Structure formats: C-alpha cells, structure tokens
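> entry30.csv (CSV, C-alpha atoms) pasted underneath:
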chain,number,residue,atom,x,y,z
A,1,MET,CA,31.6,22.8,11.6
A,2,MET,CA,29.4,20.5,13.8
A,3,MET,CA,30.8,18.4,16.5
A,4,ASP,CA,29.5,14.9,17.3
A,5,THR,CA,27.9,16.3,20.5
A,6,ASP,CA,25.8,18.8,18.4
A,7,ARG,CA,24.1,16.0,16.4
A,8,THR,CA,20.8,15.8,18.2
A,9,ARG,CA,17.8,13.7,17.4
A,10,GLY,CA,16.3,16.6,15.5
A,11,TRP,CA,19.4,16.9,13.4
A,12,ARG,CA,19.4,13.1,12.6
A,13,ARG,CA,15.7,13.3,11.6
A,14,PHE,CA,16.4,16.3,9.4
A,15,GLN,CA,19.2,14.4,7.7
A,16,ALA,CA,17.1,11.3,7.2
A,17,ARG,CA,14.4,13.4,5.5
A,18,ASN,CA,16.9,15.1,3.2
A,19,ARG,CA,18.5,11.8,2.2
A,20,GLY,CA,15.3,10.0,1.5
A,21,GLY,CA,15.2,7.9,4.6
A,22,ASP,CA,13.1,4.8,4.0
A,23,ARG,CA,11.8,5.9,0.7
A,24,LEU,CA,14.5,4.0,-1.0
A,25,ALA,CA,12.5,0.8,-0.5
A,26,GLN,CA,10.6,-0.4,-3.5
A,27,THR,CA,7.0,0.8,-3.8
A,28,PRO,CA,4.2,-1.7,-4.4
A,29,LYS,CA,3.0,-2.2,-7.9
A,30,PHE,CA,-0.6,-1.3,-7.1
A,31,LYS,CA,-2.4,0.6,-4.3
A,32,PHE,CA,-5.6,-0.5,-2.7
A,33,GLU,CA,-8.4,1.9,-2.3
A,34,LYS,CA,-8.0,4.0,0.9
A,35,ASN,CA,-11.5,3.0,2.0
A,36,TRP,CA,-12.8,0.1,0.0
A,37,LYS,CA,-16.1,0.1,1.9
A,38,LEU,CA,-17.0,3.5,0.5
A,39,MET,CA,-17.3,2.0,-3.0
A,40,TYR,CA,-21.0,1.1,-2.7
A,41,ILE,CA,-21.8,-0.2,-6.2
A,42,ARG,CA,-20.6,-3.7,-6.9
A,43,SER,CA,-19.9,-3.0,-10.5
A,44,ALA,CA,-17.6,-0.1,-9.4
A,45,LYS,CA,-15.8,-2.5,-7.1
A,46,CYS,CA,-15.4,-5.1,-9.8
A,47,LEU,CA,-14.0,-2.6,-12.3
A,48,ARG,CA,-11.6,-1.1,-9.7
A,49,ALA,CA,-10.4,-4.6,-8.7
A,50,LYS,CA,-9.7,-5.4,-12.3
A,51,GLN,CA,-7.7,-2.2,-12.7
A,52,LEU,CA,-5.7,-3.0,-9.6
A,53,GLY,CA,-5.2,-6.6,-10.7
A,54,PHE,CA,-6.7,-8.6,-7.9
A,55,PRO,CA,-9.7,-10.9,-7.9
A,56,TYR,CA,-13.0,-9.6,-6.6
A,57,PRO,CA,-15.2,-10.9,-5.1
A,58,VAL,CA,-12.7,-13.0,-3.1
A,59,ARG,CA,-13.4,-16.6,-3.7
A,60,THR,CA,-12.2,-19.6,-1.8
A,61,TRP,CA,-10.4,-22.6,-3.4
A,62,ARG,CA,-13.5,-24.7,-3.0
A,63,GLN,CA,-15.6,-22.1,-4.9
A,64,LEU,CA,-13.0,-21.9,-7.7
A,65,LEU,CA,-12.9,-25.7,-8.0
A,66,LEU,CA,-16.7,-26.0,-8.2
A,67,ASP,CA,-16.8,-23.4,-11.0
A,68,GLU,CA,-14.3,-25.3,-13.1
A,69,SER,CA,-16.2,-28.6,-13.0
What do you get writing this file as structure tokens?

Amino acid sequence: MMMDTDRTRGWRRFQARNRGGDRLAQTPKFKFEKNWKLMYIRSAKCLRAKQLGFPYPVRTWRQLLLDES
C-alpha cells in the first residue's frame, strides 16, 4: 500500500494518463489541415474547406454584402 509521501510527480502523471486526464473534454467537430499552406491547388483547398464546413476563400462582410446586391 502506498503512503501519501510516496505519491511523487511521476506517480501523479501516470495516474492522469491512465484515467484519461484532459481527454474527457469534448473534441471539436472538425479538424483543420495540419499545414494548410501545403495544399497548393486552389480547387483542392475549396474542396477540403467544403468538407470541413468552413468558408474558403475567407470573405469580409463588405465582400459578402456586395455579392448579394
């Protein structure tokens, strides 16, 4: 049986890994590309952005309003 004095930092880290630690937090619904700048072709970027569910190319409010009129 372990005493409180035997519970070192290493023991606490080991226990945190075994119990999931911070992995209990909710994961995001989508994951961005690890290195977006390595996707050279614009069509590939547009397709991947559509899969991930975010607008590409990024447009300002002014651009969006001009497109609607």
> Work out how far atom CA of Glu68 of chain A is from atom CA of Lys45 of chain A, in Å to one decimal.
23.6 Å
> Take atom CA of Leu65 of chain A and atom CA of Met39 of chain A and report the distance between them in Å, one decimal.
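Value for the atom CA of Leu65 of chain A-atom CA of Met39 of chain A distance: 28.5 Å.
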> What's the separation between atom CA of Arg48 of chain A and atom CA of Asn35 of chain A, in Å to one decimal place?
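We find that atom CA of Arg48 of chain A and atom CA of Asn35 of chain A lie 12.4 Å from each other.
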> May I have the centre and edge lengths, in Å to one decimal, of an axis-aligned box around the listed atoms of segment 37-46 of chain A with 6 Å added to every side, as lines of an AutoDock Vina configuration file?

center_x = -18.6
center_y = -0.8
center_z = -4.3
size_x = 18.4
size_y = 20.6
size_z = 24.4
